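Q: To be precise about what I am sending: the file is called coords15.cif and holds mmCIF, C-alpha atoms.
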```
data_my_file
#
loop_
_atom_site.label_atom_id
_atom_site.label_comp_id
_atom_site.auth_asym_id
_atom_site.auth_seq_id
_atom_site.Cartn_x
_atom_site.Cartn_y
_atom_site.Cartn_z
CA MET R 1 -36.03 -3.08 -71.35
CA VAL R 2 -34.24 -1.35 -68.50
CA VAL R 3 -34.97 -2.51 -64.98
CA LYS R 4 -36.36 0.27 -62.78
CA VAL R 5 -35.15 0.47 -59.20
CA TYR R 6 -37.07 2.81 -56.92
CA GLY R 7 -35.22 4.16 -53.91
CA PRO R 8 -32.61 6.71 -52.84
CA ILE R 9 -28.95 5.82 -53.43
CA GLN R 10 -28.19 6.67 -49.79
CA ALA R 11 -30.36 3.85 -48.42
CA ALA R 12 -28.88 0.44 -47.61
CA CYS R 13 -31.53 -1.77 -49.18
CA PRO R 14 -31.48 -0.15 -52.64
CA GLN R 15 -27.65 -0.35 -52.51
CA ARG R 16 -27.93 -4.11 -51.90
CA VAL R 17 -29.99 -4.48 -55.07
CA LEU R 18 -27.77 -2.19 -57.18
CA ALA R 19 -24.64 -4.11 -56.13
CA CYS R 20 -26.29 -7.30 -57.39
CA LEU R 21 -27.43 -5.73 -60.67
CA PHE R 22 -23.92 -4.34 -61.30
CA GLU R 23 -22.40 -7.80 -60.57
CA PHE R 24 -24.50 -9.23 -63.40
CA GLY R 25 -24.23 -6.24 -65.72
CA VAL R 26 -27.98 -5.69 -65.73
CA ASP R 27 -28.96 -2.29 -67.10
CA PHE R 28 -31.10 -0.32 -64.72
CA GLU R 29 -32.54 3.11 -64.06
CA LEU R 30 -32.54 4.39 -60.49
CA ILE R 31 -35.67 6.38 -59.71
CA THR R 32 -35.11 8.34 -56.54
CA VAL R 33 -37.76 8.20 -53.83
CA ASP R 34 -37.62 11.14 -51.42
CA LEU R 35 -37.85 9.58 -47.98
CA ASP R 36 -37.53 12.97 -46.25
CA SER R 37 -40.79 14.14 -47.77
CA ASN R 38 -42.48 10.78 -47.04
CA GLU R 39 -42.86 9.95 -50.71
CA HIS R 40 -42.65 6.24 -49.77
CA LYS R 41 -45.82 6.53 -47.69
CA GLN R 42 -47.93 8.12 -50.43
CA PRO R 43 -50.70 6.10 -52.15
CA ASP R 44 -48.81 5.93 -55.47
CA PHE R 45 -45.82 4.31 -53.84
CA LEU R 46 -47.90 2.08 -51.56
CA GLN R 47 -49.43 0.60 -54.72
CA LYS R 48 -45.95 -0.62 -55.57
CA GLN R 49 -44.82 -1.58 -52.07
CA PRO R 50 -47.64 -2.01 -49.54
CA PHE R 51 -45.26 -1.67 -46.55
CA GLY R 52 -44.06 1.73 -47.82
CA GLN R 53 -40.39 0.80 -47.98
CA VAL R 54 -37.59 0.95 -50.53
CA PRO R 55 -36.52 -0.57 -52.82
CA VAL R 56 -39.05 -1.70 -55.38
CA VAL R 57 -37.90 -3.18 -58.67
CA GLU R 58 -39.95 -3.13 -61.88
CA ASP R 59 -38.70 -5.37 -64.65
CA GLY R 60 -41.22 -4.70 -67.40
CA GLU R 61 -44.56 -5.76 -65.93
CA PHE R 62 -42.88 -7.78 -63.20
CA ARG R 63 -42.59 -6.09 -59.83
CA LEU R 64 -40.70 -7.18 -56.74
CA PHE R 65 -39.89 -5.77 -53.31
CA GLU R 66 -37.76 -6.95 -50.33
CA SER R 67 -34.11 -6.52 -51.34
CA ARG R 68 -33.03 -10.07 -50.39
CA ALA R 69 -35.85 -11.56 -52.51
CA ILE R 70 -34.78 -9.32 -55.39
CA ILE R 71 -31.12 -10.34 -55.25
CA ARG R 72 -32.04 -14.03 -55.03
CA TYR R 73 -34.24 -13.64 -58.14
CA TYR R 74 -31.52 -11.96 -60.21
CA ALA R 75 -28.79 -14.33 -59.00
CA THR R 76 -30.98 -17.27 -60.03
CA LYS R 77 -31.86 -15.64 -63.36
CA TYR R 78 -28.31 -14.69 -64.38
CA GLY R 79 -26.42 -17.36 -62.48
CA ASP R 80 -24.77 -18.85 -65.52
CA LYS R 81 -23.72 -15.63 -67.14
CA ASN R 82 -21.19 -14.56 -64.53
CA ARG R 83 -19.57 -16.15 -61.56
CA ASN R 84 -22.39 -17.80 -59.65
CA LEU R 85 -23.46 -15.76 -56.63
CA TYR R 86 -25.98 -18.31 -55.39
CA GLY R 87 -24.10 -21.62 -55.60
CA THR R 88 -24.08 -24.26 -58.29
CA THR R 89 -25.29 -27.18 -56.14
CA LEU R 90 -28.16 -27.54 -53.67
CA GLU R 91 -25.67 -27.73 -50.81
CA GLU R 92 -23.85 -24.56 -51.89
CA LYS R 93 -27.18 -22.74 -52.24
CA ALA R 94 -28.19 -23.89 -48.76
CA LEU R 95 -24.99 -22.40 -47.30
CA VAL R 96 -25.59 -19.11 -49.14
CA ASP R 97 -29.15 -19.04 -47.76
CA GLN R 98 -27.84 -19.81 -44.26
CA TRP R 99 -25.42 -16.88 -44.23
CA LEU R 100 -27.99 -14.60 -45.88
CA GLU R 101 -30.31 -15.45 -42.98
CA VAL R 102 -27.46 -14.65 -40.57
CA GLU R 103 -26.99 -11.25 -42.25
CA ALA R 104 -30.74 -10.55 -42.18
CA HIS R 105 -31.33 -11.54 -38.56
CA HIS R 106 -28.12 -11.35 -36.53
CA PHE R 107 -26.26 -8.58 -38.35
CA ASN R 108 -28.86 -6.33 -39.93
CA ASP R 109 -31.08 -5.88 -36.86
CA MET R 110 -28.12 -4.47 -34.93
CA VAL R 111 -26.90 -2.21 -37.74
CA TYR R 112 -30.41 -0.94 -38.41
CA THR R 113 -30.88 0.02 -34.76
CA ILE R 114 -27.49 1.76 -34.59
CA VAL R 115 -28.17 3.74 -37.79
CA LEU R 116 -31.64 4.68 -36.56
CA GLN R 117 -30.33 5.84 -33.19
CA LYS R 118 -27.13 7.59 -34.31
CA LEU R 119 -28.22 9.08 -37.63
CA VAL R 120 -31.96 9.12 -38.25
CA ILE R 121 -33.36 10.08 -34.85
CA PRO R 122 -31.02 13.08 -34.31
CA LYS R 123 -31.85 14.27 -37.81
CA MET R 124 -35.51 14.23 -36.83
CA GLY R 125 -34.77 16.24 -33.70
CA GLY R 126 -34.80 13.31 -31.26
CA ARG R 127 -32.21 12.00 -28.77
CA THR R 128 -29.95 9.01 -29.38
CA ASP R 129 -30.35 6.16 -26.89
CA PHE R 130 -26.65 5.52 -26.29
CA ASP R 131 -27.32 2.53 -24.02
CA LEU R 132 -29.17 0.84 -26.85
CA VAL R 133 -26.37 1.69 -29.29
CA HIS R 134 -23.82 0.25 -26.89
CA ASN R 135 -25.83 -2.96 -26.49
CA CYS R 136 -26.09 -3.36 -30.25
CA GLU R 137 -22.37 -2.75 -30.56
CA LYS R 138 -21.65 -5.48 -28.00
CA LYS R 139 -23.89 -7.91 -29.91
CA LEU R 140 -22.15 -6.99 -33.16
CA GLU R 141 -18.80 -7.79 -31.52
CA GLN R 142 -20.11 -11.33 -30.93
CA VAL R 143 -21.39 -11.57 -34.50
CA PHE R 144 -18.06 -10.41 -35.93
CA ASP R 145 -16.23 -12.88 -33.66
CA ILE R 146 -18.24 -15.63 -35.33
CA TYR R 147 -17.45 -14.17 -38.75
CA GLU R 148 -13.74 -14.10 -37.83
CA GLN R 149 -13.94 -17.80 -36.95
CA ARG R 150 -15.82 -18.62 -40.14
CA LEU R 151 -13.47 -16.59 -42.35
CA SER R 152 -10.47 -18.36 -40.83
CA LYS R 153 -11.72 -21.52 -42.53
CA ASN R 154 -13.22 -20.05 -45.72
CA ASN R 155 -12.36 -17.03 -47.84
CA TYR R 156 -15.99 -15.95 -47.92
CA LEU R 157 -18.95 -16.60 -45.67
CA ALA R 158 -20.66 -19.37 -47.65
CA GLY R 159 -17.50 -21.01 -48.90
CA ASN R 160 -14.50 -20.11 -51.00
CA TRP R 161 -16.26 -17.91 -53.50
CA PHE R 162 -18.05 -14.53 -53.28
CA THR R 163 -21.82 -14.94 -52.96
CA LEU R 164 -24.99 -13.03 -52.11
CA ALA R 165 -24.22 -13.71 -48.44
CA ASP R 166 -21.12 -11.48 -48.64
CA LEU R 167 -22.77 -8.96 -50.99
CA SER R 168 -25.69 -8.50 -48.62
CA HIS R 169 -23.34 -7.13 -45.94
CA LEU R 170 -21.82 -4.38 -48.10
CA PRO R 171 -24.29 -1.54 -47.35
CA GLY R 172 -24.47 -2.24 -43.61
CA ILE R 173 -20.71 -2.53 -43.10
CA ARG R 174 -20.22 0.67 -45.11
CA TYR R 175 -22.46 2.46 -42.59
CA LEU R 176 -20.54 0.96 -39.65
CA MET R 177 -17.19 2.01 -41.12
CA ASN R 178 -18.31 5.55 -41.91
CA GLU R 179 -21.17 7.46 -40.36
CA CYS R 180 -21.54 5.08 -37.39
CA GLU R 181 -17.82 5.33 -36.50
CA LEU R 182 -17.62 1.65 -35.59
CA GLY R 183 -14.88 0.67 -38.04
CA HIS R 184 -12.95 -1.04 -35.25
CA LEU R 185 -15.46 -3.91 -35.40
CA VAL R 186 -13.92 -4.78 -38.78
CA ARG R 187 -10.36 -3.44 -38.41
CA ASP R 188 -9.73 -5.26 -35.10
CA ARG R 189 -10.31 -8.64 -36.72
CA LYS R 190 -7.68 -9.90 -39.15
CA LYS R 191 -9.81 -12.14 -41.35
CA VAL R 192 -12.88 -9.89 -41.29
CA ASN R 193 -10.65 -6.97 -42.25
CA LEU R 194 -9.20 -8.87 -45.22
CA TRP R 195 -12.65 -9.99 -46.28
CA TRP R 196 -14.05 -6.46 -46.09
CA ASP R 197 -11.15 -5.04 -48.14
CA ASP R 198 -11.76 -7.74 -50.72
CA ILE R 199 -15.52 -7.41 -51.08
CA SER R 200 -15.61 -3.62 -50.88
CA ASN R 201 -13.07 -3.38 -53.72
CA ARG R 202 -15.18 -5.36 -56.13
CA PRO R 203 -15.91 -3.29 -59.28
CA ALA R 204 -19.67 -3.67 -58.83
CA TRP R 205 -19.59 -2.20 -55.31
CA LYS R 206 -17.26 0.58 -56.45
CA LYS R 207 -19.87 1.53 -59.05
CA VAL R 208 -22.51 1.73 -56.33
CA MET R 209 -20.17 3.95 -54.32
CA GLN R 210 -19.56 6.19 -57.34
CA MET R 211 -23.30 6.73 -57.61
CA PHE R 212 -23.50 7.30 -53.84
CA ASN R 213 -20.67 9.84 -53.84
CA GLY R 214 -21.86 11.53 -57.00
CA GLN R 215 -24.98 12.54 -55.15
CA GLY R 216 -23.02 13.74 -52.11
CA MET E 217 -30.56 -41.73 -40.34
CA ALA E 218 -29.32 -39.17 -42.84
CA ILE E 219 -31.54 -36.29 -41.71
CA LYS E 220 -31.19 -35.05 -38.13
CA LEU E 221 -32.85 -32.05 -36.55
CA TYR E 222 -31.49 -30.66 -33.28
CA GLY E 223 -33.89 -28.44 -31.30
CA THR E 224 -36.74 -28.23 -28.85
CA ALA E 225 -40.49 -28.46 -29.28
CA ALA E 226 -41.03 -25.08 -27.61
CA SER E 227 -38.87 -23.23 -30.13
CA THR E 228 -40.67 -21.51 -33.01
CA ALA E 229 -37.62 -21.87 -35.22
CA THR E 230 -37.38 -25.61 -34.50
CA LEU E 231 -41.10 -25.96 -35.25
CA ARG E 232 -40.59 -24.17 -38.56
CA ALA E 233 -38.14 -26.87 -39.65
CA LYS E 234 -40.36 -29.64 -38.23
CA ALA E 235 -43.33 -28.27 -40.19
CA CYS E 236 -41.36 -28.48 -43.40
CA LEU E 237 -40.10 -32.01 -42.68
CA ALA E 238 -43.70 -33.06 -41.96
CA GLU E 239 -45.05 -31.51 -45.18
CA LYS E 240 -42.35 -33.31 -47.14
CA GLY E 241 -43.11 -36.58 -45.33
CA LEU E 242 -39.41 -37.12 -44.68
CA ASP E 243 -38.01 -39.48 -42.07
CA TYR E 244 -35.60 -37.86 -39.67
CA GLU E 245 -34.13 -38.19 -36.20
CA PHE E 246 -35.13 -35.48 -33.76
CA VAL E 247 -32.41 -34.76 -31.21
CA ASN E 248 -33.68 -32.81 -28.23
CA VAL E 249 -31.44 -29.96 -27.09
CA ASN E 250 -31.81 -29.28 -23.37
CA MET E 251 -31.92 -25.52 -23.28
CA SER E 252 -32.63 -25.23 -19.57
CA ASN E 253 -29.28 -26.96 -19.07
CA LYS E 254 -27.74 -24.53 -21.56
CA GLU E 255 -26.88 -27.38 -23.89
CA HIS E 256 -27.19 -24.91 -26.81
CA LYS E 257 -24.17 -23.00 -25.45
CA THR E 258 -21.87 -26.02 -25.17
CA PRO E 259 -18.84 -26.23 -27.49
CA GLU E 260 -20.38 -29.31 -29.13
CA PHE E 261 -23.57 -27.49 -30.03
CA LEU E 262 -21.74 -24.29 -30.99
CA SER E 263 -19.89 -26.36 -33.58
CA ARG E 264 -23.30 -26.98 -35.16
CA ASN E 265 -24.60 -23.42 -34.75
CA PRO E 266 -22.01 -20.82 -33.74
CA PHE E 267 -24.81 -18.48 -32.65
CA GLY E 268 -25.88 -21.02 -30.00
CA GLN E 269 -29.48 -21.22 -31.21
CA VAL E 270 -31.84 -23.98 -32.20
CA PRO E 271 -32.41 -25.58 -34.60
CA ALA E 272 -29.35 -27.17 -36.15
CA PHE E 273 -29.69 -29.65 -38.99
CA GLU E 274 -27.79 -32.32 -40.89
CA ASP E 275 -28.50 -34.22 -44.06
CA GLY E 276 -25.58 -36.59 -44.54
CA ASP E 277 -22.49 -34.37 -44.73
CA LEU E 278 -24.43 -31.14 -45.08
CA LYS E 279 -24.75 -29.21 -41.82
CA LEU E 280 -27.02 -26.17 -41.63
CA PHE E 281 -28.52 -23.71 -39.19
CA GLU E 282 -31.13 -20.88 -39.58
CA SER E 283 -34.60 -22.42 -39.91
CA ARG E 284 -35.47 -20.60 -43.15
CA ALA E 285 -32.29 -21.85 -44.82
CA ILE E 286 -33.15 -25.38 -43.65
CA THR E 287 -36.70 -25.21 -45.06
CA GLN E 288 -35.50 -23.78 -48.38
CA TYR E 289 -32.93 -26.56 -48.67
CA LEU E 290 -35.52 -29.27 -47.93
CA ALA E 291 -38.02 -27.80 -50.39
CA HIS E 292 -35.45 -27.73 -53.19
CA ALA E 293 -33.62 -30.96 -52.33
CA TYR E 294 -36.75 -33.12 -52.07
CA PRO E 295 -39.10 -31.69 -54.71
CA ASP E 296 -40.86 -34.99 -55.33
CA ASN E 297 -41.52 -35.86 -51.69
CA GLY E 298 -44.78 -34.87 -50.04
CA THR E 299 -46.12 -31.36 -50.63
CA ASN E 300 -44.46 -29.14 -53.18
CA LEU E 301 -43.48 -26.04 -51.22
CA ILE E 302 -41.83 -24.11 -54.02
CA ILE E 303 -42.81 -23.07 -57.55
CA HIS E 304 -40.61 -23.88 -60.53
CA ASP E 305 -41.49 -20.83 -62.61
CA PRO E 306 -38.74 -18.31 -61.65
CA LYS E 307 -41.01 -15.26 -61.58
CA LYS E 308 -43.69 -17.00 -59.51
CA MET E 309 -40.99 -18.32 -57.16
CA ALA E 310 -39.63 -14.77 -56.84
CA ILE E 311 -43.06 -13.66 -55.59
CA VAL E 312 -42.99 -16.51 -53.06
CA GLY E 313 -39.53 -15.20 -52.16
CA VAL E 314 -40.94 -11.72 -51.50
CA TRP E 315 -43.47 -13.07 -48.98
CA ILE E 316 -40.83 -15.32 -47.40
CA GLU E 317 -38.90 -12.12 -46.73
CA VAL E 318 -42.02 -10.35 -45.46
CA GLU E 319 -42.56 -13.08 -42.86
CA SER E 320 -38.88 -13.04 -41.96
CA GLN E 321 -38.43 -9.26 -41.77
CA LYS E 322 -41.84 -7.98 -40.69
CA PHE E 323 -44.28 -10.54 -39.35
CA ASP E 324 -41.72 -12.43 -37.27
CA GLN E 325 -40.24 -9.27 -35.79
CA PHE E 326 -43.47 -8.24 -34.07
CA GLY E 327 -45.14 -11.66 -33.88
CA SER E 328 -42.20 -13.22 -32.02
CA LYS E 329 -42.03 -10.36 -29.53
CA LEU E 330 -45.75 -10.73 -28.84
CA ALA E 331 -45.38 -14.50 -28.49
CA TRP E 332 -42.56 -13.89 -26.01
CA GLU E 333 -44.65 -11.48 -23.92
CA LEU E 334 -48.00 -13.29 -24.05
CA ALA E 335 -47.09 -16.98 -24.36
CA TYR E 336 -43.50 -17.64 -23.28
CA LYS E 337 -43.19 -15.28 -20.30
CA PRO E 338 -46.17 -16.83 -18.46
CA MET E 339 -44.65 -20.29 -19.15
CA PHE E 340 -41.44 -19.18 -17.42
CA GLY E 341 -43.20 -17.36 -14.58
CA LEU E 342 -42.11 -13.93 -15.85
CA THR E 343 -44.27 -10.78 -15.96
CA THR E 344 -45.72 -9.64 -19.27
CA ASP E 345 -44.74 -6.08 -20.27
CA ASP E 346 -48.08 -4.51 -21.25
CA ALA E 347 -46.45 -1.55 -22.98
CA ALA E 348 -44.42 -3.90 -25.17
CA VAL E 349 -47.59 -5.86 -25.96
CA GLU E 350 -49.44 -2.70 -26.98
CA GLU E 351 -46.55 -1.46 -29.13
CA ASN E 352 -46.03 -4.77 -30.92
CA GLU E 353 -49.75 -5.36 -31.42
CA LYS E 354 -50.03 -2.00 -33.17
CA LYS E 355 -47.12 -2.82 -35.45
CA LEU E 356 -48.38 -6.34 -36.13
CA GLU E 357 -51.79 -4.91 -37.02
CA GLN E 358 -50.19 -2.73 -39.70
CA VAL E 359 -48.56 -5.83 -41.16
CA LEU E 360 -51.82 -7.79 -40.96
CA ASP E 361 -53.63 -5.00 -42.81
CA VAL E 362 -51.26 -5.58 -45.72
CA TYR E 363 -51.85 -9.34 -45.41
CA GLU E 364 -55.63 -8.77 -45.48
CA SER E 365 -55.30 -6.87 -48.74
CA ARG E 366 -52.91 -9.46 -50.23
CA LEU E 367 -55.10 -12.41 -49.21
CA SER E 368 -58.17 -10.79 -50.71
CA GLU E 369 -56.43 -11.13 -54.09
CA SER E 370 -54.44 -14.31 -53.57
CA LYS E 371 -55.47 -17.53 -51.85
CA TYR E 372 -52.08 -17.92 -50.20
CA LEU E 373 -49.39 -15.33 -49.58
CA GLY E 374 -47.06 -16.52 -52.34
CA GLY E 375 -49.80 -17.22 -54.90
CA ASP E 376 -52.45 -19.87 -55.57
CA CYS E 377 -50.81 -22.66 -53.60
CA PHE E 378 -49.53 -23.23 -50.10
CA THR E 379 -45.76 -22.62 -50.07
CA LEU E 380 -42.93 -21.91 -47.66
CA ALA E 381 -44.20 -18.30 -47.53
CA ASP E 382 -47.25 -19.54 -45.61
CA LEU E 383 -45.56 -22.42 -43.74
CA HIS E 384 -42.99 -20.14 -42.10
CA HIS E 385 -45.80 -18.40 -40.16
CA LEU E 386 -47.15 -21.54 -38.51
CA PRO E 387 -45.04 -21.64 -35.33
CA VAL E 388 -45.66 -18.03 -34.28
CA LEU E 389 -49.36 -18.42 -35.16
CA LYS E 390 -49.50 -21.46 -32.90
CA PHE E 391 -48.29 -19.45 -29.91
CA LEU E 392 -50.27 -16.28 -30.67
CA PHE E 393 -53.54 -18.16 -31.17
CA GLY E 394 -53.36 -19.31 -27.56
CA THR E 395 -53.32 -15.68 -26.39
CA LYS E 396 -55.44 -12.52 -26.68
CA ALA E 397 -53.46 -11.62 -29.81
CA LYS E 398 -55.69 -14.07 -31.70
CA ARG E 399 -58.27 -11.26 -31.92
CA LEU E 400 -55.99 -9.35 -34.31
CA PHE E 401 -56.32 -12.22 -36.79
CA ASP E 402 -60.04 -12.82 -36.14
CA ALA E 403 -60.74 -9.17 -36.96
CA ARG E 404 -59.51 -9.61 -40.54
CA PRO E 405 -61.68 -12.08 -42.50
CA HIS E 406 -59.17 -13.11 -45.18
CA VAL E 407 -56.31 -13.36 -42.70
CA SER E 408 -58.53 -15.33 -40.34
CA ALA E 409 -59.56 -17.79 -43.05
CA TRP E 410 -55.96 -18.22 -44.22
CA ALA E 411 -54.69 -18.77 -40.67
CA ALA E 412 -57.39 -21.38 -40.02
CA ASP E 413 -56.64 -23.10 -43.32
CA ILE E 414 -52.91 -23.43 -42.86
CA GLN E 415 -53.10 -24.41 -39.20
CA SER E 416 -55.50 -27.25 -40.01
CA ARG E 417 -53.10 -28.90 -42.46
CA PRO E 418 -52.61 -32.55 -41.38
CA ALA E 419 -48.82 -32.28 -41.63
CA TRP E 420 -48.78 -29.32 -39.21
CA VAL E 421 -51.11 -31.02 -36.77
CA LYS E 422 -48.82 -34.05 -36.87
CA ALA E 423 -45.68 -31.90 -36.42
CA ILE E 424 -46.97 -30.32 -33.23
CA THR E 425 -48.41 -33.43 -31.67
CA ALA E 426 -45.68 -35.91 -32.57
#
```
Translate this file's structure into structure tokens.
A:
Amino acid sequence: MVVKVYGPIQAACPQRVLACLFEFGVDFELITVDLDSNEHKQPDFLQKQPFGQVPVVEDGEFRLFESRAIIRYYATKYGDKNRNLYGTTLEEKALVDQWLEVEAHHFNDMVYTIVLQKLVIPKMGGRTDFDLVHNCEKKLEQVFDIYEQRLSKNNYLAGNWFTLADLSHLPGIRYLMNECELGHLVRDRKKVNLWWDDISNRPAWKKVMQMFNGQG
Amino acid sequence: MAIKLYGTAASTATLRAKACLAEKGLDYEFVNVNMSNKEHKTPEFLSRNPFGQVPAFEDGDLKLFESRAITQYLAHAYPDNGTNLIIHDPKKMAIVGVWIEVESQKFDQFGSKLAWELAYKPMFGLTTDDAAVEENEKKLEQVLDVYESRLSESKYLGGDCFTLADLHHLPVLKFLFGTKAKRLFDARPHVSAWAADIQSRPAWVKAITA
């Protein structure tokens, strides 16, 4: 049975899930949810995801939301089939969890605010708070400095192999490098730059990007 | 001692790790980090947590930071000690994982800001921002409405048993329950009962008084 993923291809959180499913070769069907028309706030969708957010995944009768819970589930389920994205020992898993928490709290909050201010609010007819954007950018500089330090010792965030912790950054960094025009955060840092080139050239992420570009 | 926790008793993130250690009944050494002296920004501490935040943790050679990574590690590494905080069935554990994310991404976002305004600021002699309180209370109420619905169908957030999904809420609840924000929880019967239940757990009581 094909896994159903509800959400638009343009949104970061569905992209996180699709990258993971492509890594494990899991067949899925993407069912677009039209955020512009508030489809995610309608009763039908709220039945699936009570917070009215994307993505939702339906795997037969089994339903999950929260992208980082979804990727942990699939990485645990298919861990043996492919390279392990969630560690093979308790200690490795703990390091993956640690850097996933870093992505969720230190990195994502800043990227989310920048995307909201620079892209979403103007689209809705509002004004960007450039001071807030600048503050978030400064905080991201500090975060990327820490990543640079970390990646000087390890090829990837959780160790010397690609894991969910790296994968989880793909959608957010893509936004920074493109629409947010903050590519210098990555390009100015040697190890971060190498790491980004590596992870963004993975076949699974390229497939996500093909879907993203196919829809314009 | 193999397990060491570096932090302060006033930090919700430190308390999250302490709660887990208490539920597991594990012996550990608590190392106080003097944040008023900016000890958390010293090179020594930054080598434990490059973000300069508490807590930091060690178990033998393993060094970790981020409280929710620490609790997940403890729950998986010591399954036979104390309370079982995870579920072995992968699908049921995935549901626990969903509500762990909900606490992390939604509850904590607004709950922590409210705790800062209503509990921490008075402690530090700072002035509460009433507009921020109103805004975050409204957002927290929307989250608690979802919790009310969830807890009317499920005894605990992750399922039938107390798990990390519930435990992770304890520190912010502790601070909010000492403020006017408690009324948001009291107004929702299932949420109120759940909050009372988890806060009365002997391990939690021990963690905050020890």
Q: My list of candidates is R:Arg16, R:Arg127, R:Arg150, R:Lys41. Which is closest to chain E when distances are computed with all atoms listed in the file?
A: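 Using all atoms listed in the file, the shortest distance to chain E belongs to R:Arg150.
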Q: Select, from R:Val33, R:Ile121, R:Val208, R:Ala11, the residue with the minimum atom-to-atom distance to Leu167 in chain R, counting all atoms listed in the file.
A: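 Looking only at the distances to Leu167 in chain R, the closest residue turns out to be R:Val208.
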Q: CA of Cys377 in chain E and CA of Gln325 in chain E, how far apart in Å?
A: 24.7 Å
Q: If I take CA of Val57 in chain R and CA of Lys4 in chain R, how far is one from the other in Å, to one decimal?
A: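 Calculated distance between CA of Val57 in chain R and CA of Lys4 in chain R is 5.6 Å.
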Q: Could you pull the residues within 12 Å of Ala94 in chain R, counting only C-alpha atoms, minus those fewer than 3 positions along the same chain, as number ranges by chain?
A: R: 86-91, 97-101, 158-159, 163-165; E: 273-275, 278-293
Q: What residues in chain R have any atom no more than 9 Å from chain E when counting all atoms listed in the file, and can you write them as an NGL selection string?
A: :R and (50-51 or 62-70 or 72-73 or 76-77 or 90-91 or 93-102 or 104-106 or 142-143 or 146)
Q: Counting all atoms listed in the file, note down every residue that has an atom within 10 Å of the point (-36.2, -28.3, -36.1) (file coordinates), as a PDB file with C-alpha atoms, in the frame of the given file.
A:
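Ended up saving to selection.pdb:
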```
ATOM      1  CA  LYS E 220     -31.190 -35.050 -38.130  1.00  0.00           C
ATOM      2  CA  LEU E 221     -32.850 -32.050 -36.550  1.00  0.00           C
ATOM      3  CA  TYR E 222     -31.490 -30.660 -33.280  1.00  0.00           C
ATOM      4  CA  GLY E 223     -33.890 -28.440 -31.300  1.00  0.00           C
ATOM      5  CA  THR E 224     -36.740 -28.230 -28.850  1.00  0.00           C
ATOM      6  CA  ALA E 225     -40.490 -28.460 -29.280  1.00  0.00           C
ATOM      7  CA  SER E 227     -38.870 -23.230 -30.130  1.00  0.00           C
ATOM      8  CA  THR E 228     -40.670 -21.510 -33.010  1.00  0.00           C
ATOM      9  CA  ALA E 229     -37.620 -21.870 -35.220  1.00  0.00           C
ATOM     10  CA  THR E 230     -37.380 -25.610 -34.500  1.00  0.00           C
ATOM     11  CA  LEU E 231     -41.100 -25.960 -35.250  1.00  0.00           C
ATOM     12  CA  ARG E 232     -40.590 -24.170 -38.560  1.00  0.00           C
ATOM     13  CA  ALA E 233     -38.140 -26.870 -39.650  1.00  0.00           C
ATOM     14  CA  LYS E 234     -40.360 -29.640 -38.230  1.00  0.00           C
ATOM     15  CA  ALA E 235     -43.330 -28.270 -40.190  1.00  0.00           C
ATOM     16  CA  CYS E 236     -41.360 -28.480 -43.400  1.00  0.00           C
ATOM     17  CA  LEU E 237     -40.100 -32.010 -42.680  1.00  0.00           C
ATOM     18  CA  PHE E 246     -35.130 -35.480 -33.760  1.00  0.00           C
ATOM     19  CA  VAL E 247     -32.410 -34.760 -31.210  1.00  0.00           C
ATOM     20  CA  ASN E 248     -33.680 -32.810 -28.230  1.00  0.00           C
ATOM     21  CA  VAL E 270     -31.840 -23.980 -32.200  1.00  0.00           C
ATOM     22  CA  PRO E 271     -32.410 -25.580 -34.600  1.00  0.00           C
ATOM     23  CA  ALA E 272     -29.350 -27.170 -36.150  1.00  0.00           C
ATOM     24  CA  PHE E 273     -29.690 -29.650 -38.990  1.00  0.00           C
ATOM     25  CA  PHE E 281     -28.520 -23.710 -39.190  1.00  0.00           C
ATOM     26  CA  GLU E 282     -31.130 -20.880 -39.580  1.00  0.00           C
ATOM     27  CA  SER E 283     -34.600 -22.420 -39.910  1.00  0.00           C
ATOM     28  CA  ILE E 286     -33.150 -25.380 -43.650  1.00  0.00           C
ATOM     29  CA  THR E 287     -36.700 -25.210 -45.060  1.00  0.00           C
TER      30      THR E 287
END
```
Q: Figure out the distance between CA of Thr32 in chain R and CA of Ile9 in chain R, please, to one decimal in Å.
A: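 Spanning CA of Ile9 in chain R to CA of Thr32 in chain R is a straight-line distance of 7.3 Å.
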